[in-house]
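What follows is model_9.cif (mmCIF, C-alpha atoms).
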```cif
data_coords
#
loop_
_atom_site.label_atom_id
_atom_site.label_comp_id
_atom_site.auth_asym_id
_atom_site.auth_seq_id
_atom_site.Cartn_x
_atom_site.Cartn_y
_atom_site.Cartn_z
CA MET A 1 101.96 78.07 100.11
CA SER A 2 99.11 79.71 98.21
CA GLN A 3 99.65 82.67 95.93
CA SER A 4 97.50 85.01 98.03
CA THR A 5 99.37 84.09 101.22
CA ILE A 6 102.67 84.95 99.60
CA ALA A 7 101.33 88.21 98.19
CA SER A 8 99.83 89.05 101.58
CA ARG A 9 103.18 88.59 103.33
CA TYR A 10 104.99 90.80 100.85
CA ALA A 11 102.18 93.38 101.00
CA ASN A 12 102.29 93.47 104.82
CA ALA A 13 106.05 93.96 104.83
CA LEU A 14 105.83 96.67 102.17
CA PHE A 15 103.00 98.38 104.02
CA GLN A 16 104.94 98.44 107.30
CA LEU A 17 107.96 99.92 105.55
CA ALA A 18 105.83 102.51 103.75
CA GLN A 19 104.18 103.47 107.05
CA GLU A 20 107.55 103.90 108.74
CA LYS A 21 108.73 106.18 105.94
CA GLN A 22 105.29 107.86 105.71
CA VAL A 23 104.91 107.21 102.00
CA VAL A 24 101.86 104.91 101.98
CA ALA A 25 99.89 107.00 99.47
CA GLU A 26 102.87 107.38 97.15
CA VAL A 27 103.66 103.65 97.24
CA ASN A 28 99.99 102.83 96.65
CA GLY A 29 99.93 105.10 93.60
CA ASP A 30 103.15 103.61 92.25
CA LEU A 31 101.81 100.08 92.68
CA GLU A 32 98.63 101.03 90.82
CA GLU A 33 100.73 102.44 87.97
CA LEU A 34 102.90 99.32 87.99
CA VAL A 35 99.84 97.10 87.64
CA LYS A 36 98.53 99.27 84.77
CA VAL A 37 101.88 98.96 82.99
CA LEU A 38 101.90 95.19 83.43
CA GLU A 39 98.29 94.90 82.24
CA THR A 40 98.89 97.00 79.12
CA THR A 41 102.20 95.29 78.30
CA PRO A 42 101.99 91.65 79.42
CA GLU A 43 105.23 91.04 77.54
CA LEU A 44 107.07 92.87 80.33
CA LEU A 45 105.78 90.42 82.94
CA SER A 46 106.77 87.52 80.66
CA LEU A 47 110.23 89.03 80.25
CA LEU A 48 110.64 89.43 84.02
CA ALA A 49 109.49 85.86 84.64
CA THR A 50 111.56 84.14 81.95
CA PRO A 51 114.78 82.38 82.92
CA LYS A 52 116.45 83.48 79.65
CA PHE A 53 117.69 86.71 81.24
CA SER A 54 119.85 86.89 84.33
CA ILE A 55 118.35 88.23 87.54
CA GLU A 56 120.77 91.15 87.41
CA ARG A 57 119.65 92.07 83.89
CA LYS A 58 115.99 91.91 84.96
CA LYS A 59 116.73 94.18 87.93
CA GLN A 60 118.49 96.60 85.61
CA ILE A 61 115.46 96.64 83.29
CA VAL A 62 113.12 97.33 86.23
CA ALA A 63 115.38 100.10 87.55
CA GLU A 64 115.37 101.79 84.12
CA ILE A 65 111.64 101.47 83.46
CA PHE A 66 110.50 102.48 86.94
CA ALA A 67 113.19 105.08 87.69
CA SER A 68 110.60 107.68 88.72
CA ALA A 69 108.82 105.30 91.12
CA ASN A 70 109.42 105.26 94.86
CA PRO A 71 112.63 103.34 95.65
CA ILE A 72 110.68 101.09 98.03
CA VAL A 73 108.50 99.90 95.15
CA VAL A 74 111.50 99.32 92.89
CA SER A 75 113.31 97.40 95.64
CA THR A 76 110.23 95.27 96.27
CA LEU A 77 109.92 94.48 92.58
CA GLU A 78 113.60 93.56 92.46
CA LEU A 79 113.11 91.28 95.47
CA LEU A 80 110.17 89.59 93.75
CA ILE A 81 112.35 89.04 90.68
CA GLU A 82 115.14 87.61 92.82
CA LYS A 83 112.76 85.22 94.61
CA LYS A 84 111.07 84.29 91.30
CA ARG A 85 107.73 85.62 92.49
CA VAL A 86 107.23 88.43 90.00
CA ASN A 87 103.82 86.96 89.09
CA GLU A 88 102.64 88.07 92.54
CA VAL A 89 102.85 91.79 91.71
CA GLU A 90 99.16 92.23 90.95
CA SER A 91 98.03 90.37 94.08
CA LEU A 92 100.57 92.27 96.17
CA ALA A 93 99.27 95.61 94.84
CA GLN A 94 95.68 94.59 95.60
CA GLN A 95 96.58 93.49 99.14
CA PHE A 96 98.56 96.70 99.72
CA LYS A 97 95.61 98.79 98.53
CA GLN A 98 93.36 97.04 101.05
CA LEU A 99 95.85 97.59 103.88
CA ALA A 100 96.21 101.27 102.97
CA ALA A 101 92.45 101.76 102.86
CA ALA A 102 91.93 99.92 106.16
CA SER A 103 94.53 102.10 107.88
CA GLN A 104 92.55 105.17 106.84
CA GLY A 105 89.18 103.76 107.99
CA ALA A 106 88.17 103.03 104.42
CA ALA A 107 87.49 99.96 102.32
CA ASN A 108 87.47 99.15 98.64
CA ALA A 109 84.11 98.46 97.03
CA THR A 110 83.24 97.24 93.57
CA VAL A 111 79.87 98.45 92.34
CA PHE A 112 78.34 96.65 89.36
CA SER A 113 75.79 98.69 87.43
CA THR A 114 74.33 98.97 83.93
CA ARG A 115 75.84 102.44 83.41
CA ALA A 116 78.60 104.63 84.79
CA LEU A 117 77.73 106.08 88.20
CA THR A 118 77.83 109.81 88.84
CA ASP A 119 80.01 111.21 91.62
CA GLN A 120 76.90 111.93 93.68
CA GLU A 121 75.70 108.33 93.33
CA LYS A 122 79.16 107.06 94.32
CA ASP A 123 79.11 109.30 97.40
CA GLU A 124 75.64 108.07 98.40
CA ILE A 125 76.67 104.43 97.96
CA SER A 126 79.88 105.09 99.88
CA SER A 127 78.13 106.62 102.87
CA SER A 128 75.23 104.16 103.09
CA PHE A 129 77.18 100.94 102.50
CA GLY A 130 80.18 102.19 104.48
CA LYS A 131 77.97 102.30 107.59
CA LEU A 132 76.85 98.71 106.98
CA VAL A 133 80.42 97.39 107.03
CA GLY A 134 81.70 99.76 109.72
CA LYS A 135 83.90 101.95 107.52
CA GLU A 136 83.99 105.72 107.25
CA LYS A 137 84.56 105.77 103.51
CA LEU A 138 84.47 103.41 100.55
CA THR A 139 86.74 103.70 97.55
CA ILE A 140 84.42 102.74 94.73
CA THR A 141 85.36 101.02 91.51
CA ASN A 142 82.45 101.05 89.06
CA VAL A 143 82.14 98.04 86.75
CA ILE A 144 79.58 98.30 83.97
CA GLU A 145 77.74 95.01 83.53
CA PRO A 146 74.66 95.10 81.27
CA SER A 147 73.56 91.58 82.27
CA ILE A 148 72.24 92.80 85.64
CA LEU A 149 69.44 94.69 83.77
CA GLY A 150 69.12 97.40 86.44
CA GLY A 151 69.95 98.27 90.03
CA VAL A 152 73.37 97.71 91.59
CA ARG A 153 75.43 94.94 93.12
CA VAL A 154 77.96 96.13 95.70
CA GLN A 155 80.91 93.94 96.71
CA ILE A 156 82.95 95.00 99.75
CA GLY A 157 85.50 92.37 100.70
CA ASN A 158 83.50 89.20 101.40
CA TYR A 159 80.18 91.05 101.57
CA ILE A 160 77.91 91.17 98.52
CA PHE A 161 74.78 93.33 98.48
CA ASP A 162 72.73 92.40 95.42
CA ASN A 163 69.85 94.71 94.55
CA THR A 164 69.76 94.03 90.82
CA VAL A 165 66.77 93.39 88.60
CA ALA A 166 68.36 90.14 87.40
CA ASN A 167 68.64 88.90 91.00
CA LYS A 168 65.03 89.86 91.77
CA LEU A 169 63.82 88.08 88.63
CA GLU A 170 65.81 84.98 89.58
CA GLY A 171 64.20 85.05 93.06
CA LEU A 172 60.75 85.42 91.53
CA LYS A 173 61.49 82.51 89.19
CA ARG A 174 62.51 80.30 92.14
CA THR A 175 59.34 81.27 93.99
CA LEU A 176 57.02 80.55 91.04
CA VAL A 177 58.71 77.35 89.87
CA GLY A 178 59.19 76.06 93.37
#
```

Show me this structure written as structure tokens.
Amino acid sequence: MSQSTIASRYANALFQLAQEKQVVAEVNGDLEELVKVLETTPELLSLLATPKFSIERKKQIVAEIFASANPIVVSTLELLIEKKRVNEVESLAQQFKQLAAASQGAANATVFSTRALTDQEKDEISSSFGKLVGKEKLTITNVIEPSILGGVRVQIGNYIFDNTVANKLEGLKRTLVG
């Protein structure tokens, strides 16, 4: 079974539970924090994945570190440890974020630009591209990428809208060279 399929199943189950308890936003925030912690301290993920410590000790470590997090998130993390799938946390958080956004009529979008976008620009991109994909709102993550030279590239799920100078130059090159 592929990694994304596993993460998707866990994310769906977690999302259903969070919806029942009406804590979707809180769980989403806790998962984002969890991913940040794991990204800044990769040693923690290594520790949770290693067989040197017992599963009970790993659960105890998680309970201590994430004591302020929603109990649903802590329980899910403990389950992932028990099933030896702790490496799925990041994918699970990403899948959960997509489910949460979809339930609110929103979608996640990654906008690549040469500089940081202003709030007004983000709002304009959100409204115009949201209509194209049938969503009311887009949650925009801005990625600064100098190699695009200018313009923006918007990625929403499987859709990519590329209006960058680099892409236009590449198209011109193909036209001229043949």

When distances are computed from all atoms listed in the file, which of A:Ala18, A:Ala11, A:Ala63, A:Val165 shows the smallest separation from Glu78 (chain A)?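 Under the stated criterion, the closest residue is A:Ala63.
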
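Residues selected in this file by the PyMOL selection byres ((chain A and resi 168-174) around 12) comprise A:Ile148, A:Leu149, A:Gly150, A:Gly151, A:Val152, A:Arg153, A:Asp162, A:Asn163, A:Thr164, A:Val165, A:Ala166, A:Asn167, A:Thr175, A:Leu176, A:Val177, A:Gly178.
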
In terms of the shortest atom-to-atom distance over all atoms listed in the file, which of A:Leu79, A:Ala67, A:Ser113, A:Leu138 is closest to Leu34 (chain A)? A:Ala67

Quick one: pull the distance between CA of Gln94 (chain A) and CA of Ile55 (chain A), Å, one decimal.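 Answer for the CA of Gln94 (chain A) to CA of Ile55 (chain A) separation: 24.9 Å.
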
Atomic distance CA of Ser4 (chain A) - CA of Ile125 (chain A), expressed in Å with one decimal: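 According to the coordinates, CA of Ser4 (chain A) and CA of Ile125 (chain A) are separated by 28.5 Å.
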
Give me the result of the PyMOL selection byres ((chain A and resi 17) around 12) on this file, residue by residue, as a list in words.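 Those residues are Tyr10, Ala11, Asn12, Ala13, Leu14, Phe15, Gln16, Ala18, Gln19, Glu20, Lys21, Gln22, Val23, Val24, Val27, Pro71, Ile72, Val73, Ser75, Thr76 and Phe96 of chain A.
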
Need the axis-aligned box for region 37-41 of chain A with 5 Å each side, so what are the centre and edges in Å to one decimal, as AutoDock Vina command-line options?
```
--center_x 100.2 --center_y 96.9 --center_z 80.9 --size_x 13.9 --size_y 14.1 --size_z 15.1
```

What is the distance, in Å and to one decimal place, between CA of Ala49 (chain A) and CA of Ile65 (chain A)?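 Answer for the CA of Ala49 (chain A) to CA of Ile65 (chain A) separation: 15.8 Å.
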
Applied to the shown file, which residues does the PyMOL selection byres ((chain A and resi 122) around 10) return, written as a PDB file with C-alpha atoms, in the frame of the given file?
```pdb
ATOM      1  CA  VAL A 111      79.870  98.450  92.340  1.00  0.00           C
ATOM      2  CA  ALA A 116      78.600 104.630  84.790  1.00  0.00           C
ATOM      3  CA  LEU A 117      77.730 106.080  88.200  1.00  0.00           C
ATOM      4  CA  THR A 118      77.830 109.810  88.840  1.00  0.00           C
ATOM      5  CA  ASP A 119      80.010 111.210  91.620  1.00  0.00           C
ATOM      6  CA  GLN A 120      76.900 111.930  93.680  1.00  0.00           C
ATOM      7  CA  GLU A 121      75.700 108.330  93.330  1.00  0.00           C
ATOM      8  CA  ASP A 123      79.110 109.300  97.400  1.00  0.00           C
ATOM      9  CA  GLU A 124      75.640 108.070  98.400  1.00  0.00           C
ATOM     10  CA  ILE A 125      76.670 104.430  97.960  1.00  0.00           C
ATOM     11  CA  SER A 126      79.880 105.090  99.880  1.00  0.00           C
ATOM     12  CA  SER A 127      78.130 106.620 102.870  1.00  0.00           C
ATOM     13  CA  LEU A 138      84.470 103.410 100.550  1.00  0.00           C
ATOM     14  CA  THR A 139      86.740 103.700  97.550  1.00  0.00           C
ATOM     15  CA  ILE A 140      84.420 102.740  94.730  1.00  0.00           C
ATOM     16  CA  THR A 141      85.360 101.020  91.510  1.00  0.00           C
ATOM     17  CA  ASN A 142      82.450 101.050  89.060  1.00  0.00           C
TER      18      ASN A 142
END
```

With a distance cut-off of 12 Å and only C-alpha atoms, select the neighbouring residues of Thr50 (chain A), excluding the residue or stretch itself and same-chain residues fewer than 4 positions from it, and output the selection as a list in words. Glu43, Leu44, Leu45, Ser46, Ser54, Ile55, Arg57, Lys58, Ile81, Glu82, Lys84, Arg85, Val86 and Asn87 of chain A

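For the choices A:Leu31, A:Ile160, A:Ser103, A:Thr114, the atom-to-atom distance to Val133 (chain A) is smallest for A:Ile160 when using all atoms listed in the file.
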